[in-house]
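Participant: Sharing a structure here in structure tokens format.
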Amino acid sequence: MKTIKIALLCTPVVVALGCASYPDQPTTQKIAETMVSGAYPGMPAALVKRSVQDRSQQICSKTGETTLSQQETAEVAQAARTSMKYPASGKLMGDWKVGAKLSYDGGGGRIVGGKVEKRKENGASCSNCHLLDPREVNAGNVGPSLAGYGAQRGNSEAVVKYTYEKVYNAWAYFPCSNMPRMGHNGHLTPEQISHVVAYLVDPQSPVNKK
Amino acid sequence: MLKLRGGIAAIAFLCLSGGAYAADPLAVGRQMLADDNPGDLWAQRGERLFHEKRGPKQASLDQCDLGVGPGKVEGAFAQLPRYFSDTDKVQDLESRLLTCMVELQGLTREDIVKNRFGNLDRMSDMEALVSFIGSKSNGMKMNVRLSHQKEYDMYKAGEYIFFRRNGPLDFSCATCHTENGKRIRLQDLPNMTDPKQMQAVVATAWPAYRGTQSTVRTMQHRLSDCNWQMRLPDLGYASDMSVALTTYLNRSGNGGMIELPGVRR
């Protein structure tokens with residue numbers, strides 16, 4: 001009965017090759033990766049490299065309900081831990097006013113016509129996903145609200161260091177979270193991150209005002 | 001920019017105080033445009049272009065097979081992307097039109113691709129044709145089927161790419177589109193793993209008239225825009241990757257009632 005059903009489902013064309021069906025995972029991966037490598041014709045190799053995954057990105061790309069193994073989580077966290085770099089000055093907390101500007105700047109690093117946009121520096125894009133200044137209306141919610149971040153946590157050395165590392169490479173604390181590895185990927189410099197940290201923890205920052 | 005931000009804030013405030021549109025602050029503008037959609041002009045132009053003898057071969061697109069028979073446009077959008085035996089490829093509406101314009105009209109691929117996205121100085125034939133063909137499935141339901149092996153492959157590859165993180169911001173499509181009620185700033189993000197939301201997304205865009213750009217944009221444009229925001233290089237027009245994503249997304253919207261061109265911000 002089963003074979004009859006399959007035969008009926010198959011069109012004559014595919015009968016010769018067997019019934020068409022979903023490819024298995026390794027085949028899917030092979031087909032899709034070939035597509036990705038061919039998706040950017042005429043683009044400079046240095047830019048196409050952005051679409052090549054590192055090991056952590058590969059691990060963090062599981063589809064749908066597939067969960068990460070403990071070993072994979074540990075590997076991503078370990079890689080993130082060893083990636084940490086700090087400002088040459090050693091100062092992890094910069095100027096909150098500079099950080100404020102960076103936090104609401106969603107530009108930088110985008111490519112048009114095979115060229116990276118010309119800019120003095122990249123924005124930090126924070127408010128695209130987080131509420132920062134509680135008075136801001138135009139804020140996203142893909143990430144958690146950070147309004148009152150420093151007011152709640154204080155600005156001890158431990159809080160400052162954690163916050164810096166969280167922005168530099170969030171995957172050290174939350175492997176595969178949606179948060180981009182801003183410092184590790186070179187989207188922000190260590191100095192820029194120190195300013196963003198100040199915007200979050202400085203008691204004078206609007207983030208911590210009611 | 002400041003002015004724009006103030007404007008958005010004002011609209012959001014109005015909506016929040018009004019309550020009715022709190023979940024989608026921009027629904028007001030969309031509603032206002034819906035009854036008087038400028039995209040219809042693109043569809044009309046597209047209809048004229050479709051039947052006009054054009055290109056070095058002075059041919060119309062009346063012999064173009066979009067999957068439902070030569071020259072037939074009714075219901076074509078509803079079942080795309082699909083496999084075409086003459087090209088031995090799965091094609092979306094735009095890659096299929098590209099094939100027809102090259103093969104039947106003798107236009108060059110380079111010229112078509114150069115003019116794929118219009119601006120205020122130059123209209124795009126592709127945007128008009130896609131609007132026309134999309135509108136010819138209005139009132140029908142999205143119905144992307146998988147039967148050829150290459151269709152199964154495309155669908156699965158699209159799903160894989162949807163979750164594939166890359167680029168300097170570690171983004172995949174899934175980063176923004178797998179949860180309910182999320183926004184980038186004030187922009188609502190549909191949850192693309194929810195069939196109900198996908199039906200609305202796929203069946204009413206793209207093509208859609210974009211108010212901020214004063215033109216109709218297509219699915220290929222939307223995907224290339226996403227890629228741009230993800231800091232990836234310019235996505236190849238009608239590339240297999242773009243068709244794979246479209247196959248995955250359009251099929252996820254099966255059952256959605258088509259109303260095209262849509263209206264978007």
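Chain labels run A, B, ... following the order of the structure tokens; each chain numbers its residues from 1, and ligands are numbered from 1 in the order shown.
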Each residue of range 165-188 of chain A with at least one atom at most 10 Å from range 170-173 of chain B should appear once, together with its nearest atom pair and the corresponding distance in Å (one decimal); atoms considered: only C-alpha atoms; ordering: chain, then increasing residue number; output as JSON lines.
Facilitator:
{"residue": "A:Cys176", "atom": "CA", "partner": "B:Asp170", "partner_atom": "CA", "distance": 9.2}
{"residue": "A:Ser177", "atom": "CA", "partner": "B:Asp170", "partner_atom": "CA", "distance": 9.7}
{"residue": "A:Asn178", "atom": "CA", "partner": "B:Phe171", "partner_atom": "CA", "distance": 7.6}
{"residue": "A:Met179", "atom": "CA", "partner": "B:Asp170", "partner_atom": "CA", "distance": 7.9}
{"residue": "A:Pro180", "atom": "CA", "partner": "B:Asp170", "partner_atom": "CA", "distance": 5.3}
{"residue": "A:Arg181", "atom": "CA", "partner": "B:Asp170", "partner_atom": "CA", "distance": 7.0}
{"residue": "A:Met182", "atom": "CA", "partner": "B:Asp170", "partner_atom": "CA", "distance": 9.0}
{"residue": "A:Asn185", "atom": "CA", "partner": "B:Asp170", "partner_atom": "CA", "distance": 8.4}
Participant: Against chain A, which residues of chain B fall within 6 Å? For each one I want the closest pair of atoms and the distance in Å (one decimal), counting only C-alpha atoms, rows by chain and increasing residue number, as JSON lines.
Facilitator:
{"residue": "B:Gln149", "atom": "CA", "partner": "A:Ala20", "partner_atom": "CA", "distance": 4.7}
{"residue": "B:Tyr152", "atom": "CA", "partner": "A:Tyr22", "partner_atom": "CA", "distance": 5.2}
{"residue": "B:Ala157", "atom": "CA", "partner": "A:Ala32", "partner_atom": "CA", "distance": 4.7}
{"residue": "B:Phe163", "atom": "CA", "partner": "A:Ser61", "partner_atom": "CA", "distance": 5.4}
{"residue": "B:Arg164", "atom": "CA", "partner": "A:Ser61", "partner_atom": "CA", "distance": 4.8}
{"residue": "B:Arg165", "atom": "CA", "partner": "A:Ser61", "partner_atom": "CA", "distance": 5.6}
{"residue": "B:Asn166", "atom": "CA", "partner": "A:Ser51", "partner_atom": "CA", "distance": 5.4}
{"residue": "B:Gly167", "atom": "CA", "partner": "A:Arg50", "partner_atom": "CA", "distance": 4.6}
{"residue": "B:Pro168", "atom": "CA", "partner": "A:Asn185", "partner_atom": "CA", "distance": 5.3}
{"residue": "B:Leu169", "atom": "CA", "partner": "A:Pro180", "partner_atom": "CA", "distance": 4.8}
{"residue": "B:Asp170", "atom": "CA", "partner": "A:Pro180", "partner_atom": "CA", "distance": 5.3}
{"residue": "B:Thr175", "atom": "CA", "partner": "A:Asn178", "partner_atom": "CA", "distance": 5.9}
{"residue": "B:Lys182", "atom": "CA", "partner": "A:Val142", "partner_atom": "CA", "distance": 5.5}
{"residue": "B:Arg183", "atom": "CA", "partner": "A:Gly140", "partner_atom": "CA", "distance": 5.0}
{"residue": "B:Ile184", "atom": "CA", "partner": "A:Gly140", "partner_atom": "CA", "distance": 4.4}
{"residue": "B:Arg185", "atom": "CA", "partner": "A:Gly140", "partner_atom": "CA", "distance": 3.6}
{"residue": "B:Leu186", "atom": "CA", "partner": "A:Asn138", "partner_atom": "CA", "distance": 5.7}
{"residue": "B:Trp228", "atom": "CA", "partner": "A:Arg110", "partner_atom": "CA", "distance": 5.9}
{"residue": "B:Arg231", "atom": "CA", "partner": "A:Arg110", "partner_atom": "CA", "distance": 4.6}
{"residue": "B:Pro233", "atom": "CA", "partner": "A:Ile111", "partner_atom": "CA", "distance": 5.7}
{"residue": "B:Leu235", "atom": "CA", "partner": "A:Tyr40", "partner_atom": "CA", "distance": 5.4}
{"residue": "B:Gly236", "atom": "CA", "partner": "A:Tyr40", "partner_atom": "CA", "distance": 5.1}
{"residue": "B:Ser239", "atom": "CA", "partner": "A:Ala39", "partner_atom": "CA", "distance": 5.7}
{"residue": "B:Asp240", "atom": "CA", "partner": "A:Met35", "partner_atom": "CA", "distance": 5.7}
{"residue": "B:Met241", "atom": "CA", "partner": "A:Met35", "partner_atom": "CA", "distance": 5.1}
Participant: What are the DSSP alpha helix (DSSP H) residues of range 152-196 of chain B, as a ChimeraX atom specification?
Facilitator: /B:152-162,173-177,195-196
Participant: Check the smallest atom-to-atom distance from each of B:Ala78, B:Cys226, B:Leu245, B:Val102 to Gln58 in chain B using only C-alpha atoms, then report the winner.
Facilitator: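 Of B:Ala78, B:Cys226, B:Leu245, B:Val102, the one nearest Gln58 in chain B is B:Val102, counting only C-alpha atoms.
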Participant: Calculate how many Å separate CA of Asp92 in chain B from CA of Leu49 in chain B, rounding to one decimal.
Facilitator: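 Here the two named atoms are 19.3 Å from each other.
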Participant: Taking only C-alpha atoms into account, which of B:Tyr160, B:Tyr248, B:Phe132, B:Tyr237 comes nearest Leu260 in chain B?
Facilitator: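 Among B:Tyr160, B:Tyr248, B:Phe132, B:Tyr237, it is B:Phe132 that comes nearest to Leu260 in chain B.
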Participant: Give me the residues within 12 Å of Ser156 in chain A as a PDB file with C-alpha atoms, in the first residue's frame, counting only C-alpha atoms and dropping any in the same chain fewer than 2 places off.
Facilitator:
ATOM      1  CA  LEU A  92      37.329  51.251  30.483  1.00  0.00           C
ATOM      2  CA  MET A  93      35.039  54.161  31.255  1.00  0.00           C
ATOM      3  CA  GLY A 150      23.921  52.333  36.014  1.00  0.00           C
ATOM      4  CA  ALA A 151      21.346  53.539  38.538  1.00  0.00           C
ATOM      5  CA  GLN A 152      20.507  49.896  39.192  1.00  0.00           C
ATOM      6  CA  ARG A 153      24.027  48.473  39.176  1.00  0.00           C
ATOM      7  CA  GLY A 154      26.270  51.286  40.338  1.00  0.00           C
ATOM      8  CA  ALA A 158      33.456  45.148  38.456  1.00  0.00           C
ATOM      9  CA  VAL A 159      30.331  46.626  36.836  1.00  0.00           C
ATOM     10  CA  VAL A 160      32.425  48.742  34.462  1.00  0.00           C
ATOM     11  CA  LYS A 161      34.560  45.760  33.429  1.00  0.00           C
ATOM     12  CA  TYR A 162      31.537  43.510  32.913  1.00  0.00           C
ATOM     13  CA  THR A 163      29.779  46.188  30.861  1.00  0.00           C
ATOM     14  CA  ALA A 198      30.243  55.610  30.335  1.00  0.00           C
ATOM     15  CA  VAL A 201      27.019  53.570  33.933  1.00  0.00           C
ATOM     16  CA  ASP A 202      27.894  57.242  34.573  1.00  0.00           C
ATOM     17  CA  PRO A 203      25.476  58.699  37.162  1.00  0.00           C
TER      18      PRO A 203
END
Participant: If we count only C-alpha atoms and set the cut-off at 8 Å, which residues sit around range 96-104 of chain A, ignoring sequence neighbours fewer than 5 positions away in its own chain? Please answer as a list in words.
Facilitator: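 Returned residues: Gly123, Ala124, Ser125, Cys126, Ser127, Asn128, Gln192, Ile193, Ser194, His195, Val196, Val197, Ala198, Tyr199, Leu200, Asp202 and Ser205 of chain A.
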Participant: Pull C-alpha atoms from the residues just selected and write them as a compact mmCIF listing (two decimals), in the first residue's frame.
Facilitator:
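Writing the result to again.txt gives the following:
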# COMPACT_ATOMS: atom_id res chain seq x y z
CA GLY A 123 28.08 54.31 15.07
CA ALA A 124 27.35 51.92 17.93
CA SER A 125 23.70 51.39 16.87
CA CYS A 126 22.62 50.73 20.50
CA SER A 127 19.22 52.44 20.30
CA ASN A 128 18.24 50.42 17.24
CA GLN A 192 34.55 53.87 21.44
CA ILE A 193 33.30 51.06 23.67
CA SER A 194 34.66 52.84 26.75
CA HIS A 195 32.49 55.85 25.85
CA VAL A 196 29.42 53.65 25.41
CA VAL A 197 30.18 52.12 28.82
CA ALA A 198 30.24 55.61 30.33
CA TYR A 199 26.89 56.41 28.75
CA LEU A 200 25.45 53.33 30.47
CA ASP A 202 27.89 57.24 34.57
CA SER A 205 24.25 60.11 31.93
Participant: For CA of Gly71 in chain B and CA of Leu249 in chain B, determine how far apart the two atoms are, in Å to one decimal place.
Facilitator: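 We find that CA of Gly71 in chain B and CA of Leu249 in chain B lie 25.8 Å from each other.
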Participant: Name all residues at most 10 Å from Arg222 in chain B (count only C-alpha atoms; drop same-chain ones fewer than 4 positions away) and give them as a list in words.
Facilitator: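 Those residues are Ala205, Trp206, Pro207, Ala208, Arg217, Thr218, Cys226, Asn227 and Trp228 of chain B.
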Participant: Would you mind exporting the chosen residues as a short mmCIF file (atom, residue, chain, number, x, y, z; two decimals), in the first residue's frame, restricted to N, CA and C atoms?
Facilitator:
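Okay, again16.cif is ready:
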data_model
loop_
_atom_site.label_atom_id
_atom_site.label_comp_id
_atom_site.auth_asym_id
_atom_site.auth_seq_id
_atom_site.Cartn_x
_atom_site.Cartn_y
_atom_site.Cartn_z
N ALA B 205 3.23 42.35 0.23
CA ALA B 205 4.52 42.93 -0.14
C ALA B 205 5.46 41.75 -0.34
N TRP B 206 6.43 41.88 -1.08
CA TRP B 206 6.69 42.87 -2.09
C TRP B 206 6.20 42.39 -3.43
N PRO B 207 5.88 43.16 -4.43
CA PRO B 207 6.08 44.59 -4.61
C PRO B 207 5.18 45.43 -3.70
N ALA B 208 5.71 46.57 -3.28
CA ALA B 208 4.94 47.52 -2.50
C ALA B 208 5.46 48.93 -2.78
N ARG B 217 8.99 49.13 -4.63
CA ARG B 217 10.16 48.28 -4.48
C ARG B 217 9.74 46.81 -4.55
N THR B 218 10.69 45.98 -4.93
CA THR B 218 10.42 44.56 -5.12
C THR B 218 11.06 43.74 -4.01
N CYS B 226 18.12 44.51 3.30
CA CYS B 226 18.46 43.77 4.54
C CYS B 226 19.95 43.49 4.58
N ASN B 227 20.47 43.01 3.45
CA ASN B 227 21.90 42.71 3.37
C ASN B 227 22.75 43.94 3.66
N TRP B 228 22.30 45.08 3.15
CA TRP B 228 23.02 46.34 3.34
C TRP B 228 23.05 46.68 4.83
#
Participant: Could you state the separation of CA of Cys176 in chain B and CA of Asn191 in chain B in Å, given to one decimal place?
Facilitator: 8.0 Å
Participant: How would you write, as a ChimeraX atom specification, the set of residues in range 53-264 of chain B that DSSP gives as strand (DSSP E)?
Facilitator: /B:82-84,89-91,182-184,187-189,208-210,215-217,262-264
Participant: Just want the 6 Å neighbourhood of range 72-87 of chain A, counted on only C-alpha atoms, with same-chain residues fewer than 6 positions away dropped. Output as number ranges by chain.
Facilitator: A: 56, 171-172, 175, 190-191
Participant: Write a file of the just-selected residues containing N, CA and C atoms, as an mmCIF file, in the first residue's frame.
Facilitator:
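part.cif, written as the output of this step:
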data_model
loop_
_atom_site.group_PDB
_atom_site.id
_atom_site.type_symbol
_atom_site.label_atom_id
_atom_site.label_comp_id
_atom_site.auth_asym_id
_atom_site.auth_seq_id
_atom_site.Cartn_x
_atom_site.Cartn_y
_atom_site.Cartn_z
ATOM 1 N N SER A 56 32.469 30.386 15.707
ATOM 2 C CA SER A 56 31.385 30.731 16.633
ATOM 3 C C SER A 56 30.101 31.064 15.872
ATOM 4 N N TRP A 171 29.286 37.357 23.726
ATOM 5 C CA TRP A 171 29.169 35.902 23.742
ATOM 6 C C TRP A 171 30.004 35.258 24.850
ATOM 7 N N ALA A 172 30.865 36.063 25.511
ATOM 8 C CA ALA A 172 31.601 35.539 26.663
ATOM 9 C C ALA A 172 30.634 35.257 27.809
ATOM 10 N N PRO A 175 26.568 33.121 25.258
ATOM 11 C CA PRO A 175 26.966 32.565 23.961
ATOM 12 C C PRO A 175 25.814 32.571 22.962
ATOM 13 N N PRO A 190 38.108 49.761 20.924
ATOM 14 C CA PRO A 190 38.053 49.716 22.397
ATOM 15 C C PRO A 190 37.741 51.090 23.000
ATOM 16 N N GLU A 191 38.291 52.169 22.446
ATOM 17 C CA GLU A 191 38.018 53.513 22.972
ATOM 18 C C GLU A 191 36.545 53.865 22.815
#
Participant: Please identify all polymer residues within 8 Å of Gly75 in chain B, counting only C-alpha atoms, omitting same-chain residues fewer than 6 positions from it, and present them as a PDB file with C-alpha atoms, in the first residue's frame.
Facilitator:
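Result written to out.pdb:
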ATOM      1  CA  VAL B  68       1.203  29.146 -15.697  1.00  0.00           C
ATOM      2  CA  LYS B 136      -2.826  39.852 -11.338  1.00  0.00           C
ATOM      3  CA  SER B 137      -2.889  37.438  -8.404  1.00  0.00           C
ATOM      4  CA  MET B 140      -5.899  34.602  -4.754  1.00  0.00           C
TER       5      MET B 140
END
